[in-house]
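Shown below: target_19.txt, with compact mmCIF, C-alpha atoms.
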```
# COMPACT_ATOMS: atom_id res chain seq x y z
CA MET A 404 27.49 2.34 -5.63
CA ALA A 405 27.82 6.12 -5.50
CA ARG A 406 31.30 5.78 -4.01
CA ALA A 407 32.26 3.23 -6.68
CA LEU A 408 31.16 5.50 -9.50
CA SER A 409 32.74 8.55 -7.89
CA SER A 410 36.12 6.86 -8.17
CA ALA A 411 35.61 6.17 -11.87
CA VAL A 412 34.27 9.47 -13.25
CA ALA A 413 34.96 13.16 -12.74
CA PRO A 414 32.79 14.77 -10.02
CA ASP A 415 30.88 16.93 -12.50
CA ARG A 416 29.81 13.82 -14.40
CA LEU A 417 28.08 12.07 -11.51
CA THR A 418 24.62 12.91 -10.20
CA VAL A 419 23.08 10.82 -7.44
CA VAL A 420 19.28 10.91 -7.12
CA VAL A 421 18.33 9.80 -3.62
CA ASN A 422 15.21 8.38 -2.01
CA VAL A 423 13.34 10.65 0.42
CA GLY A 424 10.71 8.12 1.50
CA ASP A 425 12.73 7.30 4.63
CA ASP A 426 12.77 10.92 5.83
CA ASP A 427 11.15 11.65 9.16
CA TYR A 428 11.32 13.90 12.21
CA MET A 429 13.24 12.49 15.15
CA TYR A 430 13.61 14.45 18.41
CA GLY A 431 12.24 17.46 16.52
CA ALA A 432 14.96 17.31 13.85
CA TYR A 433 14.42 16.47 10.18
CA VAL A 434 16.30 13.23 9.47
CA ALA A 435 17.02 12.38 5.82
CA ALA A 436 18.69 9.02 6.28
CA ASP A 437 19.43 8.14 2.67
CA LEU A 438 20.53 11.63 1.67
CA ASP A 439 22.91 11.79 4.60
CA THR A 440 24.29 8.30 4.01
CA VAL A 441 25.10 9.17 0.39
CA THR A 442 26.54 12.56 1.31
CA TYR A 443 28.69 11.22 4.16
CA THR A 444 29.93 8.37 1.95
CA LEU A 445 30.96 10.70 -0.87
CA ALA A 446 32.62 12.95 1.70
CA GLY A 447 34.65 10.00 2.96
CA ILE A 448 33.27 10.20 6.51
CA GLY A 449 30.58 7.51 6.43
CA GLY A 450 30.17 5.34 9.52
CA PRO A 451 31.30 1.70 9.56
CA HIS A 452 27.75 0.36 9.78
CA GLY A 453 26.56 2.13 6.63
CA TRP A 454 24.97 5.06 8.43
CA GLY A 455 26.08 8.09 10.43
CA ILE A 456 29.57 9.57 10.64
CA ALA A 457 32.73 7.64 11.44
CA GLY A 458 34.02 8.34 14.94
CA ASP A 459 30.93 10.31 15.95
CA THR A 460 30.10 10.77 19.61
CA PHE A 461 26.69 10.37 21.21
CA HIS A 462 26.73 12.85 24.08
CA VAL A 463 23.31 14.32 23.19
CA MET A 464 21.66 10.88 22.93
CA ASP A 465 23.27 9.76 26.18
CA GLU A 466 22.10 12.87 28.02
CA MET A 467 18.57 12.58 26.60
CA SER A 468 18.47 8.94 27.62
CA ARG A 469 19.63 9.89 31.13
CA ARG A 470 16.70 12.28 31.32
CA GLY A 471 14.21 9.58 30.36
CA THR A 472 13.88 9.94 26.58
CA ASP A 473 13.72 6.79 24.48
CA THR A 474 16.75 7.10 22.22
CA SER A 475 16.45 3.78 20.39
CA PHE A 476 16.89 5.76 17.16
CA ARG A 477 20.50 6.85 17.61
CA LEU A 478 21.86 10.05 16.08
CA GLY A 479 25.50 10.93 16.63
CA ASP A 480 26.36 14.48 17.63
CA ARG A 481 27.81 15.49 14.25
CA ASP A 482 24.97 13.70 12.48
CA LEU A 483 22.48 15.58 14.63
CA ALA A 484 24.17 18.84 13.63
CA THR A 485 23.41 18.03 9.99
CA CYS A 486 19.78 17.30 10.84
CA LEU A 487 19.41 20.52 12.82
CA GLN A 488 20.99 22.55 10.02
CA ARG A 489 18.50 20.99 7.58
CA SER A 490 15.56 21.53 9.94
CA GLU A 491 16.29 25.23 10.36
CA ALA A 492 16.73 25.72 6.61
CA LEU A 493 13.42 23.99 5.85
CA ARG A 494 11.68 25.95 8.60
CA THR A 495 12.70 29.21 6.97
CA GLY A 496 11.50 28.11 3.52
CA THR A 497 14.62 26.75 1.87
CA THR A 498 13.86 23.68 -0.25
CA LEU A 499 15.27 20.25 0.54
CA SER A 500 17.31 20.22 -2.69
CA VAL A 501 18.96 23.57 -1.97
CA THR A 502 19.60 22.54 1.63
CA THR A 503 21.10 19.23 0.49
CA ALA A 504 23.44 21.04 -1.91
CA ARG A 505 24.61 23.36 0.87
CA ILE A 506 25.25 20.49 3.28
CA ALA A 507 27.12 18.52 0.61
CA ALA A 508 29.27 21.53 -0.26
CA SER A 509 30.07 22.16 3.40
CA LEU A 510 31.41 18.60 3.60
CA GLY A 511 33.51 18.93 0.46
CA VAL A 512 31.30 16.79 -1.78
CA GLU A 513 31.76 17.82 -5.41
CA GLN A 514 29.26 15.43 -6.98
CA GLN A 515 25.65 16.52 -7.37
CA VAL A 516 23.40 14.93 -4.76
CA LEU A 517 19.69 15.45 -5.41
CA PRO A 518 16.69 14.42 -3.36
CA ALA A 519 14.18 12.68 -5.62
CA SER A 520 11.63 15.33 -4.61
CA ASP A 521 11.37 18.48 -2.55
CA ASP A 522 7.87 17.36 -1.60
CA ALA A 523 7.08 15.11 1.35
CA VAL A 524 7.00 11.45 0.30
CA ARG A 525 6.86 9.00 3.18
CA THR A 526 7.23 5.25 2.88
CA GLU A 527 4.85 3.30 5.10
CA VAL A 528 4.88 -0.45 5.64
CA GLN A 529 1.88 -2.63 6.46
CA ILE A 530 2.84 -5.54 8.66
CA GLY A 531 1.04 -8.84 9.12
CA THR A 532 -1.32 -7.51 11.79
CA GLY A 533 -2.69 -4.99 9.28
CA GLU A 534 -1.04 -2.05 11.08
CA TRP A 535 0.69 0.61 8.95
CA LEU A 536 4.08 1.73 10.27
CA PRO A 537 6.28 4.69 9.32
CA PHE A 538 9.40 3.40 7.62
CA GLN A 539 11.83 4.25 10.41
CA GLU A 540 9.66 2.52 13.00
CA TYR A 541 9.55 -0.65 10.88
CA PHE A 542 13.18 -0.57 9.80
CA VAL A 543 15.12 0.82 12.76
CA LEU A 544 12.98 0.61 15.87
CA ARG A 545 11.49 -2.82 15.03
CA ARG A 546 14.67 -3.97 13.22
CA HIS A 547 12.72 -4.89 10.03
CA GLU A 548 11.69 -8.19 11.62
CA ASP A 549 7.98 -7.90 10.72
CA ASP A 550 6.55 -9.57 7.64
CA VAL A 551 5.60 -6.94 5.07
CA ALA A 552 2.10 -7.25 3.63
CA ALA A 553 2.08 -4.03 1.61
CA VAL A 554 4.03 -0.83 1.01
CA ARG A 555 2.72 2.64 0.20
CA TYR A 556 4.30 6.04 -0.36
CA ARG A 557 2.20 8.69 1.33
CA GLY A 558 2.13 11.97 -0.58
CA ILE A 559 3.54 10.58 -3.79
CA GLU A 560 0.47 11.47 -5.86
CA GLY A 561 1.23 15.16 -5.48
CA ALA A 562 5.03 14.94 -5.48
CA ALA A 563 7.13 16.43 -8.27
CA PRO A 564 10.75 15.61 -9.08
CA ALA A 565 13.22 17.98 -7.44
CA PRO A 566 14.85 20.54 -9.76
CA GLY A 567 17.50 18.89 -11.90
CA VAL A 568 16.33 15.29 -11.47
CA LEU A 569 14.65 14.78 -14.83
CA ALA A 570 17.33 16.78 -16.63
CA ALA A 571 20.08 14.63 -15.11
CA ILE A 572 18.34 11.41 -16.14
CA THR A 573 17.64 12.67 -19.65
CA ALA A 574 21.21 13.87 -20.20
CA ALA A 575 22.93 10.84 -18.68
CA ASP A 576 25.05 8.55 -20.81
CA LEU A 577 24.24 5.85 -18.27
CA VAL A 578 21.59 5.54 -15.55
CA VAL A 579 22.55 3.13 -12.76
CA ILE A 580 19.94 1.78 -10.36
CA ALA A 581 21.93 1.02 -7.22
CA PRO A 582 21.83 -2.37 -5.46
CA SER A 583 19.22 -1.39 -2.94
CA ASN A 584 15.86 -2.74 -1.82
CA PRO A 585 13.52 -2.18 -4.81
CA PRO A 586 10.19 -1.72 -2.96
CA LEU A 587 11.61 0.26 -0.03
CA SER A 588 14.33 2.42 -1.59
CA ILE A 589 13.96 2.53 -5.38
CA TRP A 590 10.22 2.43 -6.09
CA PRO A 591 9.66 5.57 -3.94
CA ILE A 592 11.91 7.35 -6.45
CA LEU A 593 10.52 5.79 -9.62
CA ASP A 594 6.89 6.40 -8.64
CA ILE A 595 7.33 10.18 -8.45
CA ALA A 596 5.65 11.77 -11.47
CA GLY A 597 7.84 11.67 -14.56
CA ILE A 598 10.81 9.78 -13.13
CA ARG A 599 9.88 6.27 -14.27
CA ASP A 600 9.17 7.56 -17.78
CA ALA A 601 12.48 9.42 -17.86
CA VAL A 602 14.39 6.30 -16.80
CA ALA A 603 12.53 4.17 -19.36
CA ALA A 604 13.53 6.64 -22.10
CA ALA A 605 17.17 6.95 -20.99
CA ARG A 606 19.96 5.92 -23.36
CA SER A 607 21.21 3.05 -21.21
CA VAL A 608 19.92 1.79 -17.87
CA VAL A 609 21.70 -0.79 -15.73
CA GLY A 610 20.31 -2.20 -12.53
CA VAL A 611 22.70 -3.78 -10.03
CA SER A 612 21.04 -6.59 -8.11
CA PRO A 613 21.02 -6.33 -4.29
CA LEU A 614 21.00 -10.12 -4.00
CA PHE A 615 23.79 -12.67 -3.52
CA ALA A 616 22.89 -16.28 -4.23
CA GLY A 617 19.33 -15.01 -4.13
CA LYS A 618 19.59 -13.41 -0.67
CA ALA A 619 20.37 -9.95 0.69
CA LEU A 620 23.70 -9.56 2.48
CA LYS A 621 22.00 -7.30 4.99
CA GLY A 622 18.51 -5.91 5.30
CA PRO A 623 15.21 -7.47 4.26
CA ALA A 624 15.28 -6.99 0.47
CA ASP A 625 14.71 -10.64 -0.47
CA ARG A 626 12.02 -11.11 2.19
CA VAL A 627 10.17 -7.92 1.25
CA MET A 628 10.32 -8.73 -2.46
CA ALA A 629 8.91 -12.21 -1.81
CA SER A 630 6.16 -11.00 0.51
CA LEU A 631 5.04 -8.49 -2.13
CA GLY A 632 4.72 -11.24 -4.72
CA LEU A 633 7.92 -10.81 -6.71
CA PRO A 634 9.64 -14.00 -7.90
CA PRO A 635 12.74 -15.15 -5.99
CA GLY A 636 16.24 -14.09 -6.95
CA THR A 637 17.22 -12.28 -10.12
CA ALA A 638 13.81 -12.91 -11.69
CA GLY A 639 12.32 -10.75 -8.95
CA VAL A 640 14.79 -7.94 -9.60
CA LEU A 641 13.96 -8.05 -13.31
CA GLU A 642 10.24 -7.91 -12.55
CA ALA A 643 10.73 -5.08 -10.05
CA TYR A 644 12.26 -2.99 -12.84
CA ALA A 645 10.22 -4.32 -15.74
CA GLY A 646 10.44 -2.09 -18.81
CA LEU A 647 13.39 -0.09 -17.49
CA LEU A 648 16.62 -2.07 -17.73
CA SER A 649 18.85 -2.59 -20.72
CA THR A 650 21.28 -4.50 -18.46
CA CYS A 651 21.00 -6.22 -15.09
CA VAL A 652 24.25 -6.96 -13.26
CA VAL A 653 24.13 -9.80 -10.73
CA ASP A 654 26.78 -11.07 -8.36
CA GLU A 655 28.99 -13.89 -9.57
CA SER A 656 27.22 -16.14 -7.06
CA ASP A 657 24.17 -15.76 -9.31
CA SER A 658 26.06 -16.19 -12.58
CA ALA A 659 23.69 -18.95 -13.70
CA ASP A 660 21.02 -16.25 -13.95
CA GLU A 661 22.71 -14.89 -17.07
CA SER A 662 20.37 -17.37 -18.76
CA LEU A 663 17.53 -14.94 -17.91
CA SER A 664 18.81 -12.54 -20.57
CA THR A 665 16.25 -11.42 -23.13
CA PRO A 666 16.54 -9.35 -26.32
CA ALA A 667 15.48 -6.32 -24.23
CA THR A 668 17.61 -6.92 -21.11
CA ARG A 669 20.93 -8.71 -20.87
CA VAL A 670 22.00 -10.23 -17.54
CA LEU A 671 25.71 -10.08 -16.69
CA SER A 672 27.58 -11.34 -13.63
CA ALA A 673 30.49 -9.80 -11.73
CA ASP A 674 31.79 -9.51 -8.18
CA THR A 675 29.35 -6.88 -6.89
CA ARG A 676 30.13 -6.94 -3.14
CA MET A 677 32.09 -3.65 -2.96
CA ARG A 678 33.19 -4.33 0.63
CA THR A 679 36.11 -1.90 0.42
CA VAL A 680 36.89 1.32 -1.41
CA ASP A 681 39.26 -0.57 -3.72
CA GLU A 682 36.64 -3.20 -4.55
CA GLY A 683 34.14 -0.45 -5.26
CA ARG A 684 36.61 1.35 -7.52
CA ARG A 685 37.26 -1.87 -9.43
CA PHE A 686 33.57 -2.60 -9.85
CA GLY A 687 32.75 0.98 -10.85
CA ARG A 688 35.38 0.97 -13.57
CA TRP A 689 34.32 -2.48 -14.77
CA LEU A 690 30.71 -1.33 -14.94
CA LEU A 691 31.48 1.82 -16.94
CA ASP A 692 33.84 -0.02 -19.29
CA THR A 693 31.35 -2.82 -19.85
CA MET A 694 28.44 -0.50 -20.49
CA ALA A 695 30.54 1.48 -22.95
CA SER A 696 31.50 -1.61 -24.96
```
Translate the structure of the given file into structure tokens.
Amino acid sequence: MARALSSAVAPDRLTVVVNVGDDDYMYGAYVAADLDTVTYTLAGIGGPHGWGIAGDTFHVMDEMSRRGTDTSFRLGDRDLATCLQRSEALRTGTTLSVTTARIAASLGVEQQVLPASDDAVRTEVQIGTGEWLPFQEYFVLRRHEDDVAAVRYRGIEGAAPAPGVLAAITAADLVVIAPSNPPLSIWPILDIAGIRDAVAAARSVVGVSPLFAGKALKGPADRVMASLGLPPGTAGVLEAYAGLLSTCVVDESDSADESLSTPATRVLSADTRMRTVDEGRRFGRWLLDTMAS
């Protein structure tokens, strides 16, 4: 979604506010998975699987594995360099938002990329056994195969929005909630003090559904939403963002859900797959034109 919008508006008109609930330390390095994915994508170097850097090597992981370290969580060498740069900056007192801006600039990213908070917010998932797991253990190491009984965001009670986040939302002509997993990737942003209220008060808010014919293309969004009690399909997306959306865009495979429109929230359908840069550009321009009309 960030790449799609970046092709449709000038760089100084796009701010991307990114989840930090997935952040964690791996091999002693601070990994900010969502921040790096967004930054690499906007830099045009994103990996083919939706994470990491295209063409990266894994010499460090291979050597650590040879020495007996479990390297199930794979970090490419260039990706690891980003994480080490961030770790050193944080260790010396630089905030996550300043560090993110420096990393983005070093990669030629002109858009503003902001962590939702400079404070530590950590998503934890309770699985069916009652055990609470850090997000990366649930999602990457256990391949998000466990049933999710509950989700919590450790540290969120004391977390404040990072500098610039509320101002960007307030000033925006349009706030777009990306087609991501609501409980795992969007709620950890919205639940930070002041952000939900700022989104609710924004001029125009569009949420792009992560579902296709009621199911996620990849990842556990539909399963997690169901296990947390949200209705199936588009109705669940609308409930996940209750009180926030002026428009919900669903994939054309869910076009029948346009009937869920209400006076407060209209439901529109389009081809939302964005499998290629060109498809993303087309969708981004359609979205901006439609919201402006």
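When all atoms listed in the file are used to measure the gap to Ala563 (chain A), the shortest distance among A:Ala523, A:Phe542, A:Ala596, A:Ala407 belongs to A:Ala596.
Separating CA of Arg481 (chain A) from CA of Pro518 (chain A) is a distance of 20.9 Å.
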Between A:Ala659, A:Val501, A:Val653, A:Leu483, which one has atoms that come closest to Leu614 (chain A), using all atoms listed in the file?
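Nearest candidate to Leu614 (chain A) out of A:Ala659, A:Val501, A:Val653, A:Leu483: A:Val653.
The residue set within 12 Å of Tyr428 (chain A), counting all atoms listed in the file and dropping same-chain residues fewer than 6 places from it, reads Val434, Ala435, Ala436, Phe476, Leu478, Leu483, Cys486, Leu487, Arg489, Ser490, Ala523, Arg525, Pro537, Phe538, Gln539 and Glu540 of chain A.
A cut-off of 9 Å from the point (16.3, -7.1, -23.3), with only C-alpha atoms, picks out the residues Gly646, Leu648, Ser649, Thr650, Ser664, Thr665, Pro666, Ala667, Thr668, Arg669 and Val670 of chain A.
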Counting all atoms listed in the file, the option among A:Ala492, A:Val680, A:Ala629, A:Ala575 closest to Ala405 (chain A)
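The closest residue to Ala405 (chain A) is A:Val680.
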Please provide the set of residues having any atom within 9 Å of Val412 (chain A), restricted to all atoms listed in the file, with same-chain residues fewer than 6 positions apart removed, written as a PDB file with C-alpha atoms, in the coordinates of the input.
```pdb
ATOM      1  CA  GLY A 687      32.750   0.980 -10.850  1.00  0.00           C
ATOM      2  CA  ARG A 688      35.380   0.970 -13.570  1.00  0.00           C
ATOM      3  CA  LEU A 691      31.480   1.820 -16.940  1.00  0.00           C
TER       4      LEU A 691
END
```
Tell me, in Å to one decimal, how far CA of Ser658 (chain A) is from CA of Arg684 (chain A).
21.1 Å
With a distance cut-off of 7 Å and all atoms listed in the file, select the neighbouring residues of region 453-455 of chain A, excluding the residue or stretch itself and same-chain residues fewer than 3 positions from it, and output the selection as a PDB file with C-alpha atoms, in the coordinates of the input.
```pdb
ATOM      1  CA  THR A 440      24.290   8.300   4.010  1.00  0.00           C
ATOM      2  CA  GLY A 449      30.580   7.510   6.430  1.00  0.00           C
ATOM      3  CA  GLY A 450      30.170   5.340   9.520  1.00  0.00           C
ATOM      4  CA  GLY A 479      25.500  10.930  16.630  1.00  0.00           C
ATOM      5  CA  ASP A 482      24.970  13.700  12.480  1.00  0.00           C
TER       6      ASP A 482
END
```
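Closest approach to Ala553 (chain A) among A:Leu690, A:Leu620, A:Leu631, A:Ala570: A:Leu631, based on all atoms listed in the file.
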Distance CA of Gly424 (chain A)-CA of Thr503 (chain A), one decimal place?
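Computing it gives 15.2 Å between the two atoms.
Look at region 580-595 of chain A: the protein and nucleic acid residues within 7 Å of it, using all atoms listed in the file and passing over chain neighbours fewer than 4 places away, are A:Met404, A:Asn422, A:Gly424, A:Ala519, A:Tyr556, A:Ile559, A:Ala562, A:Ala563, A:Pro564, A:Arg599, A:Val609, A:Gly610, A:Val611, A:Ser612, A:Pro613, A:Ala624, A:Ala643.
Of the residues listed (A:Met467, A:Val551, A:Asp437, A:Ser500), A:Val551 shows the shortest atom-to-atom separation from Gln529 (chain A); distances use all atoms listed in the file.
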Around region 407-422 of chain A, fit a box with edges along x, y and z, padding it by 5 Å on each side, then list its centre and edge lengths in Å to one decimal as lines of an AutoDock Vina configuration file.
```
center_x = 25.7
center_y = 10.1
center_z = -8.2
size_x = 30.9
size_y = 23.7
size_z = 22.4
```
Closest to Val419 (chain A) among A:Val579, A:Ala638, A:Leu493, A:Leu663, using all atoms listed in the file?
A:Val579
Give me, as an mmCIF file with C-alpha atoms, keeping the file's coordinate frame, all polymer residues having an atom no more than 7 Å from Leu633 (chain A), counting all atoms listed in the file and skipping those fewer than 5 positions away in the same chain.
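Contents of the output file part-v4.cif:
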```cif
data_model
loop_
_atom_site.group_PDB
_atom_site.id
_atom_site.type_symbol
_atom_site.label_atom_id
_atom_site.label_comp_id
_atom_site.auth_asym_id
_atom_site.auth_seq_id
_atom_site.Cartn_x
_atom_site.Cartn_y
_atom_site.Cartn_z
ATOM 1 C CA MET A 628 10.320 -8.730 -2.460
ATOM 2 C CA GLY A 639 12.320 -10.750 -8.950
ATOM 3 C CA GLU A 642 10.240 -7.910 -12.550
#
```
Got a minute to add N, CA and C atoms to region 510-546 of chain A and dump it as a PDB file, in the frame of the given file?
```pdb
ATOM      1  N   LEU A 510      30.638  19.799   3.288  1.00  0.00           N
ATOM      2  CA  LEU A 510      31.410  18.600   3.600  1.00  0.00           C
ATOM      3  C   LEU A 510      32.411  18.252   2.503  1.00  0.00           C
ATOM      4  N   GLY A 511      32.525  19.128   1.519  1.00  0.00           N
ATOM      5  CA  GLY A 511      33.510  18.930   0.460  1.00  0.00           C
ATOM      6  C   GLY A 511      33.082  17.988  -0.640  1.00  0.00           C
ATOM      7  N   VAL A 512      31.792  17.690  -0.726  1.00  0.00           N
ATOM      8  CA  VAL A 512      31.300  16.790  -1.780  1.00  0.00           C
ATOM      9  C   VAL A 512      31.142  17.585  -3.076  1.00  0.00           C
ATOM     10  N   GLU A 513      31.802  17.124  -4.126  1.00  0.00           N
ATOM     11  CA  GLU A 513      31.760  17.820  -5.410  1.00  0.00           C
ATOM     12  C   GLU A 513      30.683  17.262  -6.342  1.00  0.00           C
ATOM     13  N   GLN A 514      30.299  16.018  -6.144  1.00  0.00           N
ATOM     14  CA  GLN A 514      29.260  15.430  -6.980  1.00  0.00           C
ATOM     15  C   GLN A 514      27.903  16.061  -6.652  1.00  0.00           C
ATOM     16  N   GLN A 515      26.992  15.984  -7.599  1.00  0.00           N
ATOM     17  CA  GLN A 515      25.650  16.520  -7.370  1.00  0.00           C
ATOM     18  C   GLN A 515      24.795  15.468  -6.683  1.00  0.00           C
ATOM     19  N   VAL A 516      24.288  15.822  -5.507  1.00  0.00           N
ATOM     20  CA  VAL A 516      23.400  14.930  -4.760  1.00  0.00           C
ATOM     21  C   VAL A 516      22.021  15.585  -4.735  1.00  0.00           C
ATOM     22  N   LEU A 517      21.033  14.896  -5.297  1.00  0.00           N
ATOM     23  CA  LEU A 517      19.690  15.450  -5.410  1.00  0.00           C
ATOM     24  C   LEU A 517      18.676  14.589  -4.689  1.00  0.00           C
ATOM     25  N   PRO A 518      17.836  15.184  -3.850  1.00  0.00           N
ATOM     26  CA  PRO A 518      16.690  14.420  -3.360  1.00  0.00           C
ATOM     27  C   PRO A 518      15.751  14.140  -4.530  1.00  0.00           C
ATOM     28  N   ALA A 519      15.088  13.003  -4.519  1.00  0.00           N
ATOM     29  CA  ALA A 519      14.180  12.680  -5.620  1.00  0.00           C
ATOM     30  C   ALA A 519      13.085  13.728  -5.741  1.00  0.00           C
ATOM     31  N   SER A 520      12.680  14.301  -4.613  1.00  0.00           N
ATOM     32  CA  SER A 520      11.630  15.330  -4.610  1.00  0.00           C
ATOM     33  C   SER A 520      11.849  16.287  -3.454  1.00  0.00           C
ATOM     34  N   ASP A 521      11.415  17.527  -3.653  1.00  0.00           N
ATOM     35  CA  ASP A 521      11.370  18.480  -2.550  1.00  0.00           C
ATOM     36  C   ASP A 521      10.085  18.325  -1.743  1.00  0.00           C
ATOM     37  N   ASP A 522       9.144  17.571  -2.281  1.00  0.00           N
ATOM     38  CA  ASP A 522       7.870  17.360  -1.600  1.00  0.00           C
ATOM     39  C   ASP A 522       7.971  16.193  -0.629  1.00  0.00           C
ATOM     40  N   ALA A 523       7.072  16.167   0.332  1.00  0.00           N
ATOM     41  CA  ALA A 523       7.080  15.110   1.350  1.00  0.00           C
ATOM     42  C   ALA A 523       6.530  13.819   0.770  1.00  0.00           C
ATOM     43  N   VAL A 524       7.392  12.814   0.663  1.00  0.00           N
ATOM     44  CA  VAL A 524       7.000  11.450   0.300  1.00  0.00           C
ATOM     45  C   VAL A 524       7.435  10.562   1.450  1.00  0.00           C
ATOM     46  N   ARG A 525       6.527   9.792   2.005  1.00  0.00           N
ATOM     47  CA  ARG A 525       6.860   9.000   3.180  1.00  0.00           C
ATOM     48  C   ARG A 525       6.481   7.541   2.965  1.00  0.00           C
ATOM     49  N   THR A 526       7.469   6.680   3.018  1.00  0.00           N
ATOM     50  CA  THR A 526       7.230   5.250   2.880  1.00  0.00           C
ATOM     51  C   THR A 526       6.596   4.714   4.159  1.00  0.00           C
ATOM     52  N   GLU A 527       5.519   3.959   3.978  1.00  0.00           N
ATOM     53  CA  GLU A 527       4.850   3.300   5.100  1.00  0.00           C
ATOM     54  C   GLU A 527       4.713   1.819   4.785  1.00  0.00           C
ATOM     55  N   VAL A 528       4.860   0.999   5.799  1.00  0.00           N
ATOM     56  CA  VAL A 528       4.880  -0.450   5.640  1.00  0.00           C
ATOM     57  C   VAL A 528       3.720  -1.054   6.431  1.00  0.00           C
ATOM     58  N   GLN A 529       2.944  -1.898   5.758  1.00  0.00           N
ATOM     59  CA  GLN A 529       1.880  -2.630   6.460  1.00  0.00           C
ATOM     60  C   GLN A 529       2.417  -3.984   6.879  1.00  0.00           C
ATOM     61  N   ILE A 530       2.338  -4.269   8.157  1.00  0.00           N
ATOM     62  CA  ILE A 530       2.840  -5.540   8.660  1.00  0.00           C
ATOM     63  C   ILE A 530       1.688  -6.544   8.746  1.00  0.00           C
ATOM     64  N   GLY A 531       2.014  -7.759   9.156  1.00  0.00           N
ATOM     65  CA  GLY A 531       1.040  -8.840   9.120  1.00  0.00           C
ATOM     66  C   GLY A 531      -0.210  -8.612   9.932  1.00  0.00           C
ATOM     67  N   THR A 532      -0.140  -7.794  10.967  1.00  0.00           N
ATOM     68  CA  THR A 532      -1.320  -7.510  11.790  1.00  0.00           C
ATOM     69  C   THR A 532      -2.292  -6.559  11.107  1.00  0.00           C
ATOM     70  N   GLY A 533      -1.867  -5.988   9.967  1.00  0.00           N
ATOM     71  CA  GLY A 533      -2.690  -4.990   9.280  1.00  0.00           C
ATOM     72  C   GLY A 533      -2.311  -3.566   9.627  1.00  0.00           C
ATOM     73  N   GLU A 534      -1.453  -3.381  10.641  1.00  0.00           N
ATOM     74  CA  GLU A 534      -1.040  -2.050  11.080  1.00  0.00           C
ATOM     75  C   GLU A 534      -0.062  -1.432  10.075  1.00  0.00           C
ATOM     76  N   TRP A 535      -0.244  -0.128   9.813  1.00  0.00           N
ATOM     77  CA  TRP A 535       0.690   0.610   8.950  1.00  0.00           C
ATOM     78  C   TRP A 535       1.722   1.313   9.835  1.00  0.00           C
ATOM     79  N   LEU A 536       2.993   1.148   9.492  1.00  0.00           N
ATOM     80  CA  LEU A 536       4.080   1.730  10.270  1.00  0.00           C
ATOM     81  C   LEU A 536       4.872   2.715   9.433  1.00  0.00           C
ATOM     82  N   PRO A 537       5.300   3.856  10.005  1.00  0.00           N
ATOM     83  CA  PRO A 537       6.280   4.690   9.320  1.00  0.00           C
ATOM     84  C   PRO A 537       7.548   3.886   9.071  1.00  0.00           C
ATOM     85  N   PHE A 538       8.250   4.209   8.010  1.00  0.00           N
ATOM     86  CA  PHE A 538       9.400   3.400   7.620  1.00  0.00           C
ATOM     87  C   PHE A 538      10.410   3.239   8.750  1.00  0.00           C
ATOM     88  N   GLN A 539      10.779   4.333   9.407  1.00  0.00           N
ATOM     89  CA  GLN A 539      11.830   4.250  10.410  1.00  0.00           C
ATOM     90  C   GLN A 539      11.406   3.395  11.607  1.00  0.00           C
ATOM     91  N   GLU A 540      10.116   3.391  11.929  1.00  0.00           N
ATOM     92  CA  GLU A 540       9.660   2.520  13.000  1.00  0.00           C
ATOM     93  C   GLU A 540       9.812   1.059  12.598  1.00  0.00           C
ATOM     94  N   TYR A 541       9.402   0.728  11.378  1.00  0.00           N
ATOM     95  CA  TYR A 541       9.550  -0.650  10.880  1.00  0.00           C
ATOM     96  C   TYR A 541      11.016  -1.045  10.772  1.00  0.00           C
ATOM     97  N   PHE A 542      11.830  -0.171  10.182  1.00  0.00           N
ATOM     98  CA  PHE A 542      13.180  -0.570   9.800  1.00  0.00           C
ATOM     99  C   PHE A 542      14.180  -0.492  10.961  1.00  0.00           C
ATOM    100  N   VAL A 543      14.126   0.609  11.705  1.00  0.00           N
ATOM    101  CA  VAL A 543      15.120   0.820  12.760  1.00  0.00           C
ATOM    102  C   VAL A 543      14.590   0.360  14.113  1.00  0.00           C
ATOM    103  N   LEU A 544      13.449   0.885  14.521  1.00  0.00           N
ATOM    104  CA  LEU A 544      12.980   0.610  15.870  1.00  0.00           C
ATOM    105  C   LEU A 544      12.538  -0.846  16.034  1.00  0.00           C
ATOM    106  N   ARG A 545      11.930  -1.422  14.969  1.00  0.00           N
ATOM    107  CA  ARG A 545      11.490  -2.820  15.030  1.00  0.00           C
ATOM    108  C   ARG A 545      12.448  -3.751  14.286  1.00  0.00           C
ATOM    109  N   ARG A 546      13.574  -3.195  13.822  1.00  0.00           N
ATOM    110  CA  ARG A 546      14.670  -3.970  13.220  1.00  0.00           C
ATOM    111  C   ARG A 546      14.225  -4.797  12.008  1.00  0.00           C
TER     112      ARG A 546
END
```
